[in-house]
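Structure file start-v9.cif; described as mmCIF, C-alpha atoms and all ligand atoms.
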```cif
data_upload
loop_
_atom_site.label_atom_id
_atom_site.label_comp_id
_atom_site.auth_asym_id
_atom_site.auth_seq_id
_atom_site.Cartn_x
_atom_site.Cartn_y
_atom_site.Cartn_z
CA MET A 1 125.38 85.72 81.12
CA SER A 2 123.35 82.78 82.34
CA ALA A 3 119.73 83.43 83.13
CA HIS A 4 120.34 82.67 86.76
CA SER A 5 122.85 85.45 87.18
CA LEU A 6 120.13 87.94 86.31
CA LEU A 7 119.22 87.69 89.99
CA ALA A 8 121.45 88.56 92.93
CA PRO A 9 122.71 85.55 94.91
CA GLY A 10 119.93 84.24 97.14
CA ALA A 11 117.40 86.64 95.70
CA GLU A 12 113.79 85.87 96.43
CA LEU A 13 110.58 87.81 96.45
CA GLU A 14 110.43 90.05 99.53
CA LEU A 15 106.99 91.29 100.50
CA LEU A 16 107.15 95.04 101.14
CA ALA A 17 103.48 96.00 101.35
CA ASP A 18 100.01 94.55 101.01
CA GLY A 19 96.50 95.96 101.29
CA SER A 20 96.12 97.53 97.86
CA VAL A 21 93.17 96.50 95.73
CA TRP A 22 95.06 96.80 92.44
CA ALA A 23 98.60 98.09 92.70
CA GLU A 24 100.09 99.62 89.55
CA GLY A 25 102.48 102.26 88.29
CA PRO A 26 105.58 101.76 90.48
CA VAL A 27 108.46 104.21 90.30
CA TRP A 28 111.56 104.57 92.45
CA LEU A 29 112.16 108.06 93.85
CA PRO A 30 115.92 108.34 94.49
CA GLN A 31 115.76 111.48 96.62
CA ARG A 32 113.04 110.10 98.87
CA ARG A 33 114.46 106.57 98.78
CA ARG A 34 110.93 105.35 98.32
CA VAL A 35 108.98 103.38 95.79
CA ARG A 36 105.67 105.00 94.90
CA TRP A 37 102.72 103.22 93.32
CA SER A 38 99.04 103.62 92.55
CA ASP A 39 96.26 101.65 94.24
CA ILE A 40 93.92 102.49 91.40
CA PRO A 41 90.45 101.27 92.57
CA ASN A 42 91.11 102.80 96.01
CA ASN A 43 91.97 106.04 94.24
CA ARG A 44 95.14 106.58 96.22
CA ILE A 45 98.89 106.66 95.88
CA LEU A 46 101.15 104.81 98.31
CA GLU A 47 104.85 104.85 99.11
CA TRP A 48 107.15 102.33 100.73
CA ASP A 49 110.16 103.85 102.48
CA ALA A 50 113.40 101.91 102.05
CA VAL A 51 114.87 103.47 105.20
CA SER A 52 112.04 102.75 107.63
CA GLY A 53 110.45 99.84 105.80
CA GLN A 54 107.08 101.53 106.36
CA THR A 55 104.27 102.10 103.89
CA SER A 56 102.29 105.32 103.92
CA VAL A 57 99.57 106.98 101.89
CA TYR A 58 100.97 109.75 99.71
CA ASP A 59 97.76 110.98 98.10
CA ARG A 60 94.11 110.12 98.78
CA ALA A 61 92.62 112.08 95.89
CA ALA A 62 94.66 110.54 93.15
CA GLU A 63 92.10 110.78 90.32
CA TYR A 64 92.87 107.18 89.47
CA ALA A 65 96.50 107.74 88.64
CA ASN A 66 98.12 104.81 86.88
CA GLY A 67 101.62 104.44 85.37
CA ARG A 68 104.47 106.81 86.13
CA THR A 69 108.13 107.42 85.48
CA LEU A 70 110.72 110.13 86.05
CA ASP A 71 111.60 112.81 83.54
CA ARG A 72 115.15 113.98 82.87
CA ASP A 73 114.92 116.41 85.80
CA GLY A 74 113.80 113.68 88.18
CA HIS A 75 110.20 114.87 88.34
CA VAL A 76 107.43 112.31 88.45
CA VAL A 77 105.42 112.14 85.23
CA GLN A 78 102.24 110.12 85.63
CA CYS A 79 99.11 109.07 83.82
CA SER A 80 95.74 110.12 85.22
CA HIS A 81 92.64 108.18 84.26
CA GLY A 82 90.35 110.59 86.11
CA ARG A 83 91.81 113.72 84.55
CA ARG A 84 92.37 111.92 81.24
CA ARG A 85 95.79 113.45 80.98
CA VAL A 86 99.51 113.10 81.54
CA GLU A 87 100.71 115.23 84.43
CA ARG A 88 103.98 116.21 86.08
CA GLU A 89 104.62 116.70 89.78
CA ILE A 90 106.91 119.57 90.75
CA ASP A 91 107.44 120.34 94.44
CA GLY A 92 104.35 118.35 95.33
CA GLU A 93 102.09 120.18 92.86
CA LEU A 94 100.58 118.51 89.81
CA HIS A 95 100.72 120.27 86.45
CA CYS A 96 99.03 119.20 83.24
CA VAL A 97 101.50 118.08 80.60
CA VAL A 98 98.92 117.28 77.95
CA ASP A 99 95.25 116.29 78.00
CA ARG A 100 94.16 116.34 74.35
CA TRP A 101 95.17 116.34 70.76
CA ALA A 102 93.34 117.44 67.65
CA GLY A 103 90.78 114.64 67.88
CA GLY A 104 89.65 115.38 71.44
CA ARG A 105 90.54 114.42 74.98
CA PHE A 106 92.48 111.25 75.66
CA ASN A 107 90.74 108.07 76.83
CA SER A 108 92.65 107.29 80.02
CA PRO A 109 96.44 107.47 79.68
CA ASN A 110 97.83 104.27 81.17
CA ASP A 111 101.60 104.19 81.12
CA VAL A 112 104.42 106.52 80.16
CA ALA A 113 108.08 106.56 79.16
CA VAL A 114 110.39 109.55 78.74
CA SER A 115 112.81 109.54 75.83
CA ARG A 116 116.37 110.72 76.16
CA ASP A 117 115.39 113.76 74.09
CA GLY A 118 112.87 114.67 76.81
CA SER A 119 109.77 113.81 74.83
CA ILE A 120 107.00 111.95 76.66
CA TRP A 121 105.52 108.81 75.12
CA PHE A 122 102.33 107.32 76.53
CA THR A 123 99.62 104.77 75.82
CA ASP A 124 95.91 105.50 75.83
CA PRO A 125 93.71 102.40 76.21
CA PRO A 126 90.11 102.77 77.54
CA TYR A 127 90.36 101.13 80.97
CA GLY A 128 89.55 104.32 82.86
CA ILE A 129 86.44 105.15 80.81
CA LEU A 130 84.78 101.75 80.28
CA PRO A 131 81.14 101.48 81.44
CA GLU A 132 82.03 99.13 84.31
CA THR A 133 85.33 100.74 85.26
CA ARG A 134 86.57 100.84 88.84
CA GLU A 135 89.54 102.86 87.67
CA GLY A 136 88.05 106.17 86.53
CA TYR A 137 84.79 107.56 85.23
CA PRO A 138 82.68 105.96 82.49
CA ALA A 139 82.77 108.09 79.38
CA ALA A 140 83.00 107.92 75.63
CA SER A 141 86.22 107.87 73.68
CA GLU A 142 86.49 111.28 72.05
CA TYR A 143 88.77 110.31 69.16
CA GLY A 144 87.53 106.78 68.67
CA GLY A 145 90.81 104.88 68.97
CA CYS A 146 93.48 103.66 71.37
CA TYR A 147 96.74 105.21 70.28
CA VAL A 148 100.27 105.69 71.50
CA PHE A 149 101.23 109.36 71.60
CA ARG A 150 104.45 111.31 71.67
CA PHE A 151 104.44 114.72 73.33
CA ASP A 152 106.95 117.51 73.29
CA GLU A 153 106.55 121.18 74.12
CA ALA A 154 107.22 122.32 70.56
CA GLY A 155 104.93 119.97 68.69
CA GLY A 156 102.31 119.00 71.25
CA ALA A 157 100.83 115.50 71.15
CA THR A 158 101.22 113.39 68.03
CA PRO A 159 99.88 109.87 67.51
CA VAL A 160 102.84 107.61 66.78
CA ILE A 161 101.12 104.21 66.84
CA THR A 162 97.53 103.69 65.74
CA ASP A 163 97.42 99.97 64.89
CA MET A 164 97.36 98.41 68.35
CA VAL A 165 94.20 97.27 70.16
CA HIS A 166 94.87 98.28 73.78
CA PRO A 167 98.43 99.61 74.04
CA ASN A 168 99.54 99.47 77.65
CA GLY A 169 103.06 99.20 79.14
CA LEU A 170 105.92 100.66 77.10
CA ALA A 171 109.69 101.09 77.21
CA PHE A 172 112.58 102.00 74.93
CA SER A 173 115.49 99.78 74.00
CA PRO A 174 118.85 100.96 75.42
CA ASP A 175 119.78 102.66 72.13
CA GLN A 176 116.24 104.07 71.85
CA GLN A 177 116.00 102.72 68.32
CA TRP A 178 113.01 100.57 69.33
CA LEU A 179 109.85 101.22 71.30
CA TYR A 180 108.28 98.15 72.88
CA ILE A 181 104.58 98.19 73.81
CA ALA A 182 102.37 95.58 75.45
CA ASP A 183 98.91 95.04 74.01
CA THR A 184 96.34 93.94 76.59
CA GLY A 185 93.47 93.79 74.12
CA ALA A 186 93.38 90.00 74.39
CA GLY A 187 92.06 90.41 77.93
CA MET A 188 88.73 91.56 76.48
CA GLY A 189 88.89 89.08 73.62
CA LEU A 190 89.62 91.83 71.10
CA THR A 191 92.75 90.29 69.61
CA ALA A 192 94.46 86.92 69.47
CA PHE A 193 97.86 88.48 70.02
CA ASN A 194 98.90 88.21 73.63
CA GLY A 195 102.11 90.01 74.14
CA ILE A 196 104.54 92.77 73.34
CA ARG A 197 105.05 94.48 69.98
CA ARG A 198 107.93 96.68 68.94
CA TYR A 199 108.33 99.56 66.53
CA PRO A 200 111.46 101.15 65.09
CA VAL A 201 111.89 104.77 66.21
CA ARG A 202 113.34 107.38 63.86
CA ASP A 203 113.24 111.12 64.37
CA GLY A 204 110.41 110.96 66.88
CA ALA A 205 108.20 108.73 64.76
CA CYS A 206 107.54 105.01 64.61
CA GLY A 207 107.97 102.80 61.56
CA ALA A 208 106.03 99.60 60.90
CA GLY A 209 105.63 97.49 64.01
CA GLU A 210 106.09 93.78 64.52
CA ASP A 211 104.95 91.24 67.07
CA PHE A 212 107.90 90.74 69.42
CA VAL A 213 106.85 88.04 71.89
CA GLN A 214 103.70 86.50 73.32
CA VAL A 215 103.59 86.24 77.10
CA TYR A 216 101.35 83.90 79.10
CA PRO A 217 99.25 83.52 81.13
CA ASP A 218 96.87 86.44 80.77
CA GLN A 219 98.62 89.46 79.27
CA PRO A 220 101.78 91.42 79.91
CA ASP A 221 100.93 94.87 81.26
CA GLY A 222 103.80 97.06 82.47
CA PHE A 223 107.45 96.21 81.84
CA ARG A 224 110.94 97.69 81.80
CA ILE A 225 114.05 97.13 79.72
CA ASP A 226 117.49 96.76 81.28
CA VAL A 227 120.83 98.10 80.07
CA GLU A 228 121.46 94.90 78.10
CA GLY A 229 118.17 95.24 76.25
CA ARG A 230 116.39 92.48 78.15
CA ILE A 231 112.66 92.89 78.72
CA TRP A 232 111.48 92.39 82.31
CA THR A 233 107.74 91.98 82.03
CA SER A 234 104.64 91.45 84.08
CA SER A 235 102.34 88.52 83.34
CA GLY A 236 99.42 86.68 84.88
CA ASP A 237 101.48 84.65 87.34
CA SER A 238 105.12 85.74 87.26
CA VAL A 239 107.76 88.19 86.28
CA GLN A 240 109.40 87.03 83.07
CA VAL A 241 112.58 88.15 81.32
CA PHE A 242 113.16 87.95 77.58
CA SER A 243 116.25 88.67 75.52
CA ASP A 244 116.02 91.20 72.73
CA ALA A 245 115.74 88.18 70.43
CA GLY A 246 112.55 87.09 72.20
CA GLU A 247 114.08 84.16 74.08
CA GLN A 248 112.73 83.61 77.59
CA LEU A 249 115.62 83.89 80.04
CA LEU A 250 113.89 83.79 83.41
CA ARG A 251 110.51 83.28 85.03
CA VAL A 252 109.90 83.97 88.71
CA PRO A 253 106.44 82.88 89.93
CA THR A 254 104.62 85.48 92.00
CA GLY A 255 101.46 83.63 93.00
CA ALA A 256 99.26 86.35 91.56
CA ARG A 257 99.00 88.64 88.59
CA VAL A 258 101.80 91.15 88.14
CA SER A 259 100.60 94.52 86.84
CA ASN A 260 103.88 96.38 86.49
CA LEU A 261 107.42 96.74 87.77
CA CYS A 262 110.35 99.14 87.99
CA PHE A 263 114.03 99.15 88.83
CA GLY A 264 115.27 101.20 91.76
CA GLY A 265 116.90 101.13 95.14
CA ASP A 266 120.17 102.91 95.89
CA SER A 267 122.05 100.72 93.41
CA GLY A 268 119.29 100.74 90.81
CA THR A 269 119.33 96.93 90.77
CA ASP A 270 116.28 96.29 92.95
CA LEU A 271 113.20 95.30 91.00
CA PHE A 272 109.94 96.47 92.55
CA LEU A 273 106.87 94.53 91.49
CA THR A 274 103.23 95.51 91.87
CA VAL A 275 101.48 92.15 92.20
CA THR A 276 97.70 92.52 92.42
CA ASP A 277 97.28 93.70 96.05
CA ARG A 278 100.96 93.61 97.01
CA VAL A 279 104.36 95.10 96.35
CA TYR A 280 107.49 92.94 96.30
CA ARG A 281 111.20 93.53 95.89
CA LEU A 282 113.46 91.19 93.92
CA ARG A 283 117.21 91.83 93.89
CA THR A 284 118.78 91.64 90.45
CA THR A 285 122.18 92.25 88.88
CA THR A 286 121.13 94.80 86.28
CA THR A 287 119.63 98.26 85.97
CA ASP A 288 117.06 100.06 83.85
CA ALA A 289 118.20 101.16 80.42
CA ALA A 290 116.50 104.48 81.08
CA PHE A 291 118.98 105.16 83.91
CA ALA A 292 121.96 104.73 81.63
CA GLN A 293 123.71 107.83 80.38
CA PRO A 294 124.24 107.86 76.64
CA GLY A 295 127.85 107.50 75.62
CA PRO A 296 129.63 110.27 73.71
CA CYS A 297 128.71 108.69 70.38
CA SER A 298 125.07 107.97 71.23
CA ALA A 299 122.27 109.95 69.70
MG MG B 301 99.28 99.41 82.59
#
```
As structure tokens, please, write out the structure in this file.
Amino acid sequence: MSAHSLLAPGAELELLADGSVWAEGPVWLPQRRRVRWSDIPNNRILEWDAVSGQTSVYDRAAEYANGRTLDRDGHVVQCSHGRRRVEREIDGELHCVVDRWAGGRFNSPNDVAVSRDGSIWFTDPPYGILPETREGYPAASEYGGCYVFRFDEAGGATPVITDMVHPNGLAFSPDQQWLYIADTGAGMGLTAFNGIRRYPVRDGACGAGEDFVQVYPDQPDGFRIDVEGRIWTSSGDSVQVFSDAGEQLLRVPTGARVSNLCFGGDSGTDLFLTVTDRVYRLRTTTTDAAFAQPGPCSA
């Protein structure tokens, strides 16, 4: 497939909404036919309705919610900086999934992915507890690190990655044999590495990680992986697509920093981008690996 055919014919960035301060955490809600996102410094959650084309405020007391995804039942699972937890929305009510592990409360869970086995994997950098934060409440880290955790009901939260600086966006490869995670630590000058790492996943644990690709300018934050294993990532000035071999396949300038993105729309091929204060749609020819049903021989 040529890089160009990653996009639908004539595809261009379509502005859906503006007026956020810092838009993040997009997810497509199939039943509502809406894309939902966080406007973190404004402490609210917004939705754009694909039927009416209108944007509305979903929640004004969002406790600095950040990244979100859907679980296997279609419920929203989201990260809360303010509550320092991962939470699940069922019938409009929020329920705590997990807010601590043995070492103390989390820092400020940032982004989340749900495995095909139902376990919830999330990153825990400090952006919602930093002294100057606009995205939470200043506080100390209670366990003294920035880990990636796996949670399931039987085993609770377990750190699966402890050697990243500021783990941020994350997604599984289509076969779920790899977990990819962006490190945004370079944004505070804490590491020279400026990109996405990946770790082999076996039996709910991660093996030794490796640097996958560096992404410029600034840092990649949120990203998603399509059914062919390609990484669609945010960056400082564009959405960029990389093959699973790390080759850049596509770069679409956005004019401002992209924080995150998600696939959605009725066909699953629309890419929704949170771009600083705005939300855009970009029509593609692929879908999120997380939407794909495992084949009869898949784990
Ligand atoms: Mg993020």
Once you count all atoms listed in the file, which residues end up within 6 Å of ligand MG 301 (chain B), and could you hand them over as an mmCIF file with C-alpha atoms, in the frame of the given file?
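Produced file pocket_30.cif, reproduced below:
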```cif
data_model
loop_
_atom_site.group_PDB
_atom_site.id
_atom_site.type_symbol
_atom_site.label_atom_id
_atom_site.label_comp_id
_atom_site.auth_asym_id
_atom_site.auth_seq_id
_atom_site.Cartn_x
_atom_site.Cartn_y
_atom_site.Cartn_z
ATOM 1 C CA ASN A 110 97.830 104.270 81.170
ATOM 2 C CA ASP A 111 101.600 104.190 81.120
ATOM 3 C CA ASN A 168 99.540 99.470 77.650
ATOM 4 C CA GLY A 169 103.060 99.200 79.140
ATOM 5 C CA ASP A 221 100.930 94.870 81.260
ATOM 6 C CA GLY A 222 103.800 97.060 82.470
#
```
Spatial sel., origin (96.7, 113.8, 91.8), limit 12 Å, only C-alpha atoms, listed as a PyMOL selection string = chain A and resi 38+40+43-46+58-66+68+76-90+92-96
Between A:Tyr280, A:Phe151, A:Tyr137, A:Tyr180, smallest distance to Trp48 in chain A by all atoms listed in the file belongs to A:Tyr280
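Residues in contact range of Arg283 in chain A, defined as at most 8 Å between only C-alpha atoms, with sequence neighbours fewer than 3 positions away removed, read A:Leu7, A:Ala8, A:Ala11, A:Glu12, A:Thr269, A:Asp270, A:Leu271.
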Review point. Could you list as a ChimeraX atom specification every residue that has an atom within 12 Å of (118.7, 101.3, 92.9), using the file's coordinates and counting only C-alpha atoms?
Key: /A:27-31,33-35,50,262-272,281-288,291
